[in-house]
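Undergrad: My structure file run16.txt, compact mmCIF, C-alpha atoms and all ligand atoms, is below:
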```txt
# COMPACT_ATOMS: atom_id res chain seq x y z
CA MET A 1 -32.08 -32.23 -9.57
CA SER A 2 -30.05 -29.73 -7.55
CA ALA A 3 -27.45 -30.88 -5.03
CA PRO A 4 -28.61 -30.82 -1.42
CA GLY A 5 -28.11 -27.40 0.12
CA VAL A 6 -27.93 -25.62 -3.23
CA ARG A 7 -30.57 -22.93 -3.39
CA LEU A 8 -32.11 -22.28 -6.76
CA PRO A 9 -32.98 -18.62 -7.24
CA ILE A 10 -36.68 -17.97 -7.02
CA ASP A 11 -37.77 -15.92 -9.98
CA LEU A 12 -39.33 -12.77 -8.54
CA ARG A 13 -39.40 -11.04 -11.92
CA PRO A 14 -43.06 -11.56 -12.79
CA VAL A 15 -43.96 -9.93 -9.49
CA ASN A 16 -41.54 -7.05 -9.88
CA GLU A 17 -42.81 -6.13 -13.33
CA ARG A 18 -45.95 -4.67 -11.82
CA LEU A 19 -46.39 -2.75 -8.59
CA ARG A 20 -48.21 -4.96 -6.11
CA ILE A 21 -50.03 -3.23 -3.29
CA PHE A 22 -51.35 -4.93 -0.16
CA SER A 23 -53.17 -3.61 2.86
CA GLY A 24 -55.51 -4.88 5.54
CA ILE A 25 -58.10 -3.25 7.74
CA GLN A 26 -59.75 -4.58 10.90
CA PRO A 27 -63.47 -5.26 11.13
CA THR A 28 -63.49 -3.58 14.53
CA GLY A 29 -65.81 -0.83 15.66
CA ARG A 30 -67.13 1.73 13.25
CA LYS A 31 -64.70 3.04 10.67
CA HIS A 32 -63.78 6.67 11.30
CA LEU A 33 -62.46 9.58 9.28
CA GLY A 34 -58.86 8.68 10.25
CA ASN A 35 -59.26 5.16 8.80
CA TYR A 36 -60.89 6.69 5.73
CA ILE A 37 -58.27 9.35 5.03
CA GLY A 38 -55.20 7.38 6.19
CA ALA A 39 -56.09 4.05 4.63
CA ILE A 40 -59.33 3.57 2.66
CA ARG A 41 -58.75 6.60 0.41
CA GLN A 42 -55.33 5.15 -0.49
CA TYR A 43 -56.87 1.74 -1.25
CA VAL A 44 -59.15 3.29 -3.85
CA GLU A 45 -56.28 5.24 -5.45
CA GLY A 46 -54.04 2.16 -5.40
CA GLN A 47 -56.30 0.41 -7.89
CA ASP A 48 -55.12 2.84 -10.57
CA ARG A 49 -51.45 2.41 -9.75
CA GLY A 50 -50.91 -1.32 -9.63
CA GLU A 51 -52.21 -4.74 -8.71
CA ALA A 52 -54.09 -4.03 -5.49
CA ILE A 53 -54.89 -6.65 -2.84
CA TYR A 54 -57.04 -5.64 0.13
CA CYS A 55 -58.19 -7.73 3.00
CA ILE A 56 -60.41 -7.44 6.04
CA VAL A 57 -58.22 -8.72 8.81
CA ASP A 58 -60.65 -10.56 11.06
CA LEU A 59 -57.85 -12.69 12.54
CA HIS A 60 -56.25 -9.52 13.89
CA ALA A 61 -59.52 -8.56 15.54
CA ILE A 62 -59.40 -11.50 17.95
CA SER A 63 -56.23 -10.15 19.59
CA VAL A 64 -58.44 -8.19 22.01
CA ALA A 65 -61.71 -9.15 23.74
CA TYR A 66 -64.47 -9.64 21.15
CA ASP A 67 -67.83 -11.20 20.53
CA PRO A 68 -68.05 -13.74 17.65
CA VAL A 69 -71.53 -12.63 16.54
CA GLU A 70 -70.42 -8.99 16.53
CA LEU A 71 -67.26 -9.87 14.61
CA ARG A 72 -69.28 -11.27 11.72
CA GLU A 73 -71.57 -8.22 11.69
CA ARG A 74 -68.68 -5.77 11.76
CA LEU A 75 -67.00 -7.70 8.97
CA TYR A 76 -70.00 -7.12 6.71
CA ASP A 77 -70.10 -3.45 7.80
CA THR A 78 -66.45 -3.02 6.91
CA ALA A 79 -66.79 -4.85 3.60
CA ALA A 80 -69.75 -2.67 2.64
CA ILE A 81 -67.89 0.53 3.63
CA LEU A 82 -64.88 -0.38 1.52
CA LEU A 83 -67.03 -1.25 -1.49
CA ALA A 84 -69.07 1.92 -1.02
CA ALA A 85 -65.84 3.94 -0.90
CA GLY A 86 -64.78 2.59 -4.29
CA VAL A 87 -62.82 -0.59 -3.61
CA ASP A 88 -63.80 -2.44 -6.78
CA PRO A 89 -63.55 -6.25 -6.84
CA GLU A 90 -63.20 -6.05 -10.64
CA ARG A 91 -60.01 -4.01 -10.25
CA CYS A 92 -58.49 -5.49 -7.10
CA ILE A 93 -58.45 -8.63 -4.99
CA PHE A 94 -60.72 -8.08 -2.02
CA PHE A 95 -61.12 -10.82 0.59
CA ARG A 96 -61.46 -11.88 4.21
CA GLN A 97 -58.19 -12.80 5.89
CA SER A 98 -59.48 -15.91 7.70
CA ASP A 99 -60.56 -17.44 4.37
CA VAL A 100 -56.93 -17.76 3.28
CA ARG A 101 -55.18 -20.10 5.71
CA GLU A 102 -51.77 -19.31 4.29
CA HIS A 103 -51.77 -16.18 6.47
CA THR A 104 -51.78 -18.17 9.70
CA GLU A 105 -49.30 -20.73 8.49
CA LEU A 106 -46.87 -18.06 7.35
CA THR A 107 -47.22 -16.30 10.70
CA TRP A 108 -45.78 -19.32 12.45
CA LEU A 109 -43.03 -19.80 9.89
CA LEU A 110 -42.01 -16.13 10.12
CA SER A 111 -41.93 -16.33 13.90
CA ALA A 112 -38.68 -18.24 13.47
CA VAL A 113 -37.04 -15.10 12.07
CA THR A 114 -38.80 -12.56 14.30
CA ALA A 115 -36.94 -11.24 17.32
CA HIS A 116 -38.87 -11.37 20.58
CA GLY A 117 -37.15 -8.10 21.55
CA ASP A 118 -38.51 -6.39 18.43
CA LEU A 119 -42.07 -7.41 19.28
CA ASN A 120 -41.54 -6.12 22.81
CA ARG A 121 -40.69 -2.69 21.42
CA MET A 122 -43.91 -2.24 19.42
CA HIS A 123 -45.78 0.91 20.55
CA GLN A 124 -49.15 -0.57 19.65
CA PHE A 125 -48.57 -3.61 21.86
CA LYS A 126 -47.51 -1.40 24.76
CA GLU A 127 -50.54 0.88 24.38
CA LYS A 128 -53.12 -1.83 23.78
CA SER A 129 -51.83 -4.25 26.40
CA ALA A 130 -52.06 -1.49 29.01
CA LYS A 131 -55.75 -1.07 28.16
CA GLN A 132 -56.76 -4.75 28.46
CA ARG A 133 -58.76 -5.40 31.59
CA GLU A 134 -58.89 -9.20 31.64
CA LEU A 135 -56.34 -10.80 29.40
CA VAL A 136 -53.32 -9.56 27.49
CA SER A 137 -53.37 -12.25 24.81
CA ALA A 138 -50.34 -13.68 23.08
CA ALA A 139 -52.24 -12.80 19.89
CA LEU A 140 -51.83 -9.11 20.73
CA PHE A 141 -48.09 -9.65 21.06
CA PHE A 142 -48.02 -11.59 17.79
CA TYR A 143 -50.18 -9.07 15.92
CA PRO A 144 -47.21 -7.60 13.96
CA VAL A 145 -46.06 -11.07 12.82
CA LEU A 146 -49.51 -11.80 11.41
CA MET A 147 -49.41 -8.39 9.72
CA ALA A 148 -46.00 -9.24 8.24
CA ALA A 149 -47.41 -12.56 6.99
CA ASP A 150 -50.37 -10.76 5.38
CA VAL A 151 -48.10 -8.64 3.23
CA LEU A 152 -45.19 -11.02 2.63
CA ALA A 153 -47.53 -13.85 1.51
CA TYR A 154 -48.22 -11.77 -1.62
CA ARG A 155 -44.72 -10.45 -2.23
CA ALA A 156 -46.29 -7.01 -2.16
CA HIS A 157 -44.08 -3.99 -2.85
CA GLU A 158 -46.16 -1.37 -1.14
CA VAL A 159 -48.32 -1.14 1.97
CA PRO A 160 -50.70 1.84 2.18
CA VAL A 161 -51.26 2.67 5.87
CA GLY A 162 -51.65 5.58 8.25
CA ASP A 163 -48.70 6.89 10.23
CA ASP A 164 -49.54 4.75 13.30
CA GLN A 165 -48.55 1.63 11.34
CA ARG A 166 -45.06 2.87 10.42
CA GLN A 167 -43.34 0.76 13.07
CA HIS A 168 -45.20 -2.41 12.06
CA VAL A 169 -44.17 -1.98 8.42
CA GLU A 170 -40.56 -1.39 9.50
CA LEU A 171 -40.72 -4.67 11.43
CA MET A 172 -42.12 -6.62 8.48
CA ARG A 173 -39.26 -5.29 6.36
CA GLU A 174 -36.82 -6.55 8.98
CA ILE A 175 -38.55 -9.95 9.04
CA ALA A 176 -38.39 -10.24 5.23
CA ARG A 177 -34.72 -9.22 5.19
CA ARG A 178 -33.86 -11.70 7.92
CA PHE A 179 -35.74 -14.48 6.13
CA ASN A 180 -33.92 -13.78 2.86
CA GLU A 181 -30.52 -13.69 4.60
CA ARG A 182 -31.19 -16.92 6.43
CA PHE A 183 -32.94 -18.94 3.69
CA GLY A 184 -32.08 -17.21 0.42
CA GLU A 185 -33.84 -14.52 -1.60
CA THR A 186 -37.53 -15.47 -1.34
CA LEU A 187 -39.61 -12.58 -0.04
CA VAL A 188 -40.08 -9.04 -1.28
CA VAL A 189 -39.10 -6.33 1.24
CA PRO A 190 -42.10 -3.96 1.10
CA GLU A 191 -42.25 -0.17 1.50
CA HIS A 192 -44.90 1.70 3.40
CA ARG A 193 -47.03 4.28 1.64
CA ILE A 194 -48.07 6.90 4.14
CA PRO A 195 -50.00 9.85 2.68
CA PRO A 196 -48.21 13.24 2.90
CA VAL A 197 -51.41 14.90 4.14
CA GLY A 198 -53.82 13.09 6.49
CA ALA A 199 -51.43 10.39 7.71
CA ARG A 200 -52.53 10.99 11.30
CA ILE A 201 -55.96 12.47 11.71
CA MET A 202 -56.32 13.68 15.28
CA ASP A 203 -59.23 13.41 17.72
CA LEU A 204 -61.37 16.55 17.47
CA GLN A 205 -61.64 16.82 21.27
CA ASP A 206 -57.98 16.04 21.93
CA PRO A 207 -55.90 17.04 18.92
CA THR A 208 -52.74 15.65 20.53
CA SER A 209 -54.11 12.07 20.21
CA LYS A 210 -54.94 10.27 16.99
CA MET A 211 -58.55 9.65 16.07
CA SER A 212 -59.03 6.07 17.15
CA THR A 213 -61.52 3.22 17.32
CA THR A 214 -60.81 2.36 20.92
CA GLY A 215 -59.01 5.32 22.47
CA GLY A 216 -61.07 8.42 21.68
CA SER A 217 -64.30 10.12 22.67
CA GLU A 218 -67.55 9.84 20.69
CA GLN A 219 -67.60 13.61 20.18
CA GLY A 220 -63.99 13.70 18.97
CA THR A 221 -64.42 10.87 16.46
CA VAL A 222 -66.14 11.39 13.11
CA TYR A 223 -67.51 8.13 11.73
CA VAL A 224 -67.79 7.47 8.01
CA LEU A 225 -71.49 6.67 8.51
CA ASP A 226 -72.31 9.65 10.73
CA GLU A 227 -75.36 11.68 9.70
CA PRO A 228 -74.61 15.22 8.42
CA ASP A 229 -76.02 16.77 11.62
CA ALA A 230 -73.73 14.71 13.80
CA ILE A 231 -70.73 15.66 11.66
CA LEU A 232 -71.62 19.35 11.89
CA LYS A 233 -71.94 19.14 15.68
CA LYS A 234 -68.63 17.36 16.10
CA PHE A 235 -66.72 19.90 14.01
CA ARG A 236 -68.47 22.84 15.69
CA SER A 237 -67.25 21.63 19.08
CA ALA A 238 -63.73 20.76 17.86
CA VAL A 239 -61.01 21.95 20.25
CA THR A 240 -58.80 24.65 18.71
CA ASP A 241 -56.60 27.29 20.43
CA SER A 242 -56.85 30.79 21.80
CA GLY A 243 -55.42 32.33 18.60
CA ARG A 244 -57.26 33.57 15.52
CA GLU A 245 -55.23 32.43 12.55
CA VAL A 246 -56.20 29.55 10.30
CA ARG A 247 -52.71 28.19 9.71
CA ARG A 248 -50.62 25.22 10.77
CA GLY A 249 -47.93 25.50 13.40
CA PRO A 250 -46.77 24.66 16.92
CA GLY A 251 -49.48 25.00 19.55
CA LYS A 252 -52.10 24.87 16.80
CA GLU A 253 -52.70 21.11 16.70
CA GLY A 254 -56.49 21.46 16.49
CA ILE A 255 -56.46 23.95 13.60
CA SER A 256 -53.66 22.05 11.82
CA ASN A 257 -55.78 18.90 12.00
CA LEU A 258 -58.82 20.71 10.58
CA ILE A 259 -56.71 22.17 7.76
CA GLU A 260 -55.50 18.69 6.81
CA ILE A 261 -59.03 17.28 6.95
CA ILE A 262 -60.58 19.96 4.75
CA SER A 263 -57.71 19.87 2.29
CA VAL A 264 -58.17 16.10 1.80
CA ALA A 265 -61.96 16.40 1.63
CA ARG A 266 -61.74 19.11 -1.01
CA GLY A 267 -58.73 17.62 -2.78
CA VAL A 268 -56.57 20.76 -2.51
CA ASP A 269 -53.23 21.60 -0.83
CA PRO A 270 -53.24 22.77 2.80
CA GLU A 271 -51.52 26.01 1.67
CA GLU A 272 -54.52 26.82 -0.48
CA ILE A 273 -56.80 26.39 2.53
CA GLU A 274 -54.59 28.70 4.62
CA ARG A 275 -54.80 31.36 1.90
CA GLU A 276 -58.55 30.99 1.48
CA PHE A 277 -59.29 31.30 5.20
CA GLU A 278 -56.81 34.08 6.01
CA GLY A 279 -58.65 36.47 8.30
CA ALA A 280 -61.67 34.17 8.72
CA GLY A 281 -62.94 33.32 12.22
CA TYR A 282 -62.59 29.83 13.67
CA GLY A 283 -66.40 29.41 13.74
CA ASP A 284 -66.73 29.95 9.98
CA PHE A 285 -63.73 27.77 9.32
CA LYS A 286 -65.09 24.87 11.38
CA LYS A 287 -68.40 25.11 9.54
CA ALA A 288 -66.58 24.96 6.20
CA VAL A 289 -64.63 21.89 7.34
CA ALA A 290 -67.86 20.18 8.42
CA GLU A 291 -69.54 20.95 5.09
CA ALA A 292 -66.57 19.63 3.12
CA VAL A 293 -66.55 16.40 5.15
CA ILE A 294 -70.32 15.97 4.79
CA ASP A 295 -69.97 16.27 0.99
CA TYR A 296 -66.95 13.97 1.02
CA LEU A 297 -68.66 11.17 2.94
CA ALA A 298 -72.25 11.49 1.66
CA PRO A 299 -71.82 9.26 -1.42
CA VAL A 300 -70.16 6.59 0.72
CA ARG A 301 -72.99 6.62 3.26
CA GLU A 302 -75.61 6.43 0.52
CA ARG A 303 -73.91 3.59 -1.32
CA TYR A 304 -73.31 1.75 1.97
CA ALA A 305 -77.05 1.75 2.68
CA GLU A 306 -77.61 0.00 -0.66
CA LEU A 307 -74.84 -2.58 -0.25
CA ARG A 308 -74.95 -3.55 3.42
CA PRO A 309 -78.28 -5.44 3.51
CA ASP A 310 -77.21 -7.99 0.89
CA GLU A 311 -74.93 -10.21 2.98
CA ALA A 312 -75.11 -13.05 0.42
CA GLU A 313 -73.65 -10.73 -2.22
CA LEU A 314 -70.94 -9.55 0.18
CA GLU A 315 -70.09 -13.20 0.87
CA ARG A 316 -69.97 -13.91 -2.86
CA VAL A 317 -67.58 -11.01 -3.50
CA LEU A 318 -65.32 -12.05 -0.61
CA ALA A 319 -65.28 -15.69 -1.74
CA VAL A 320 -64.19 -14.74 -5.27
CA GLY A 321 -61.45 -12.57 -3.77
CA ALA A 322 -60.29 -15.32 -1.43
CA GLU A 323 -59.86 -17.71 -4.31
CA LYS A 324 -57.67 -15.24 -6.20
CA ALA A 325 -55.70 -14.43 -3.05
CA ARG A 326 -55.13 -18.11 -2.27
CA ALA A 327 -53.74 -18.70 -5.75
CA ILE A 328 -50.96 -16.17 -5.05
CA ALA A 329 -50.31 -16.93 -1.39
CA SER A 330 -50.15 -20.70 -1.83
CA GLU A 331 -47.30 -20.33 -4.33
CA VAL A 332 -45.34 -18.07 -2.01
CA LEU A 333 -45.96 -20.49 0.86
CA ALA A 334 -44.70 -23.38 -1.23
CA ASP A 335 -41.45 -21.47 -1.78
CA VAL A 336 -41.16 -20.54 1.88
CA ARG A 337 -41.81 -24.11 3.05
CA GLU A 338 -39.29 -25.52 0.64
CA ARG A 339 -36.67 -22.97 1.66
CA MET A 340 -37.22 -23.73 5.31
CA GLY A 341 -36.77 -27.45 4.83
CA PHE A 342 -40.35 -28.72 4.93
CA GLY A 343 -41.55 -31.42 2.54
CA PRO A 344 -39.46 -32.91 -0.24
CA ALA A 345 -36.86 -30.69 -1.92
CA ARG A 346 -38.02 -29.37 -5.29
CA GLY A 347 -35.81 -29.87 -8.31
N1 LIG B 401 -56.18 8.65 13.11
C1 LIG B 401 -55.77 8.09 11.99
N2 LIG B 401 -55.30 8.82 10.96
C2 LIG B 401 -54.87 8.23 9.81
N3 LIG B 401 -54.90 6.90 9.60
C3 LIG B 401 -55.37 6.11 10.60
N4 LIG B 401 -55.54 4.77 10.73
C4 LIG B 401 -56.07 4.50 11.93
N5 LIG B 401 -56.26 5.64 12.63
C5 LIG B 401 -55.83 6.66 11.83
C6 LIG B 401 -55.22 3.80 9.68
O1 LIG B 401 -56.41 3.05 9.42
C7 LIG B 401 -56.04 1.75 8.98
C8 LIG B 401 -56.91 0.73 9.64
O2 LIG B 401 -56.56 0.50 10.96
P1 LIG B 401 -56.91 -0.83 11.73
O3 LIG B 401 -57.14 -1.95 10.82
O4 LIG B 401 -55.91 -0.97 12.80
O5 LIG B 401 -58.32 -0.51 12.32
P2 LIG B 401 -58.72 -0.07 13.74
O6 LIG B 401 -57.96 -0.80 14.79
O7 LIG B 401 -60.19 -0.18 13.75
O8 LIG B 401 -58.24 1.43 13.68
P3 LIG B 401 -57.71 2.38 14.79
O9 LIG B 401 -58.59 3.56 14.80
O10 LIG B 401 -56.25 2.58 14.54
O11 LIG B 401 -57.96 1.63 16.16
P4 LIG B 401 -57.18 1.77 17.50
O12 LIG B 401 -56.72 3.19 17.65
O13 LIG B 401 -58.15 1.34 18.51
O14 LIG B 401 -56.03 0.82 17.32
C9 LIG B 401 -54.54 1.60 9.24
O15 LIG B 401 -53.85 1.73 8.03
C10 LIG B 401 -54.22 2.78 10.14
O16 LIG B 401 -52.90 3.24 9.95
```
Output the structure of this file as structure tokens.
TA:
Amino acid sequence: MSAPGVRLPIDLRPVNERLRIFSGIQPTGRKHLGNYIGAIRQYVEGQDRGEAIYCIVDLHAISVAYDPVELRERLYDTAAILLAAGVDPERCIFFRQSDVREHTELTWLLSAVTAHGDLNRMHQFKEKSAKQRELVSAALFFYPVLMAADVLAYRAHEVPVGDDQRQHVELMREIARRFNERFGETLVVPEHRIPPVGARIMDLQDPTSKMSTTGGSEQGTVYVLDEPDAILKKFRSAVTDSGREVRRGPGKEGISNLIEIISVARGVDPEEIEREFEGAGYGDFKKAVAEAVIDYLAPVRERYAELRPDEAELERVLAVGAEKARAIASEVLADVRERMGFGPARG
């Protein structure tokens, strides 16, 4: 038995031998092209690079006004979209956040090493709290701590997210560092993985604001499940600029956004797009972007239609994932609890 106060090193080696990836996505609203390009696309790729763990973060969704019946429906929608996009439960752990109680327990434990001032500085809290009409919940304020718990409960190394989540990942790094300094090396300090192209897809009607579930216009937001006609219409009416050149640059936020979108949809570099459309009119370019996005999303929409009706199968997949997730998170929680002085000391 170790002497009281002596901290045995926790062996993080088995985890560090293989890249572990974790990310979560909310079951809110309809998933849009920004979610797809910034996050979902990276989830699918992550399965080839390491041990991937993905979760639908329904606990995060209750931080703003919501309807319980809707929440369940949107959860199935989101699960079916991810599976349709290529998240493969045979090659990753895919589960529902609220099924793994370790997330909520760790949130509270991490709150002890989270600075109130840091939470106060979060852009997302400032923006979202300003939009709440009835109640600014404490859950909205605590959102980043729950997000830190999601990732740290798995000792994940990498967190694939869009650019808007940069600050939250920075905070979870700070929380992990502070925990390790205070209680001994226990948690992995994760890195964000933000894609070089498509990290911030902009609203088609207001290319200075990000495409968003709650903040944008219907016409400026392309949904993953939009019909081809709707996609074509949205791109045709996309706001551009008074110039004529299809290239990225200052004052060309609309065109820059379209260049990024088409380059991701076609899987080529933005430079190649600029070369291809040199001298082309904006009308032709917008049509080409729409066509590329229609082709890009069509297989997802088709597969979604097959998967979404079978809620029992979605439940089965999520339950299998939750069991695997719990096996990892419960071990990390046991270490965290022991380090923090809960329960009997382990020898
Ligand atoms: N416009 C975007 N471009 C690139 N990536 C984006 N993400 C969100 N918007 C863009 C990334 O999508 C992932 C899921 O985000 P979420 O779980 O927060 O889902 P949400 O709240 O439904 O998404 P929004 O659109 O971000 O909602 P609002 O704007 O209402 O808060 C994250 O990895 C995010 O970075």
Undergrad: Give the residues close to ligand LIG 401 (chain B), within 6 Å, counting all atoms listed in the file; write them as a PyMOL selection string.
TA: chain A and resi 25-26+28-29+34-35+37-39+161-165+198-202+210-215
Undergrad: Could you list, as an MDAnalysis selection string, every residue within 8 Å of Glu191 (chain A), counting only C-alpha atoms and ignoring same-chain residues fewer than 3 positions away?
TA: chainID A and resid 157:159 169 173
Undergrad: Considering all atoms listed in the file, state which residue in the set A:Ile81, A:Leu171, A:Ala65, A:Leu109 is at the smallest distance from Glu338 (chain A).
TA: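 When distances to Glu338 (chain A) are compared using all atoms listed in the file, the smallest one comes from A:Leu109.
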Undergrad: Using all atoms listed in the file, find the one residue out of A:Asp77, A:Asp67, A:Glu278, A:Glu174 that sits nearest to Val113 (chain A).
TA: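 The shortest atom-to-atom distance to Val113 (chain A) comes from A:Glu174.
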Undergrad: If we count only C-alpha atoms, what is near Val320 (chain A) at a cut-off of 9 Å, once residues fewer than 4 positions away on the same chain are taken out, given as a tab-separated table (two decimals) with C-alpha atoms, in the coordinates of the input?
TA:
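The resulting file, part_11.tsv, is shown below:
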```
chain	number	residue	atom	x	y	z
A	89	PRO	CA	-63.55	-6.25	-6.84
A	93	ILE	CA	-58.45	-8.63	-4.99
A	94	PHE	CA	-60.72	-8.08	-2.02
A	95	PHE	CA	-61.12	-10.82	0.59
A	315	GLU	CA	-70.09	-13.20	0.87
A	316	ARG	CA	-69.97	-13.91	-2.86
A	324	LYS	CA	-57.67	-15.24	-6.20
A	325	ALA	CA	-55.70	-14.43	-3.05
```
Undergrad: Any idea what the distance is between CA of Ala80 (chain A) and CA of Arg303 (chain A)?
TA: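 Calculated distance between CA of Ala80 (chain A) and CA of Arg303 (chain A) is 8.5 Å.
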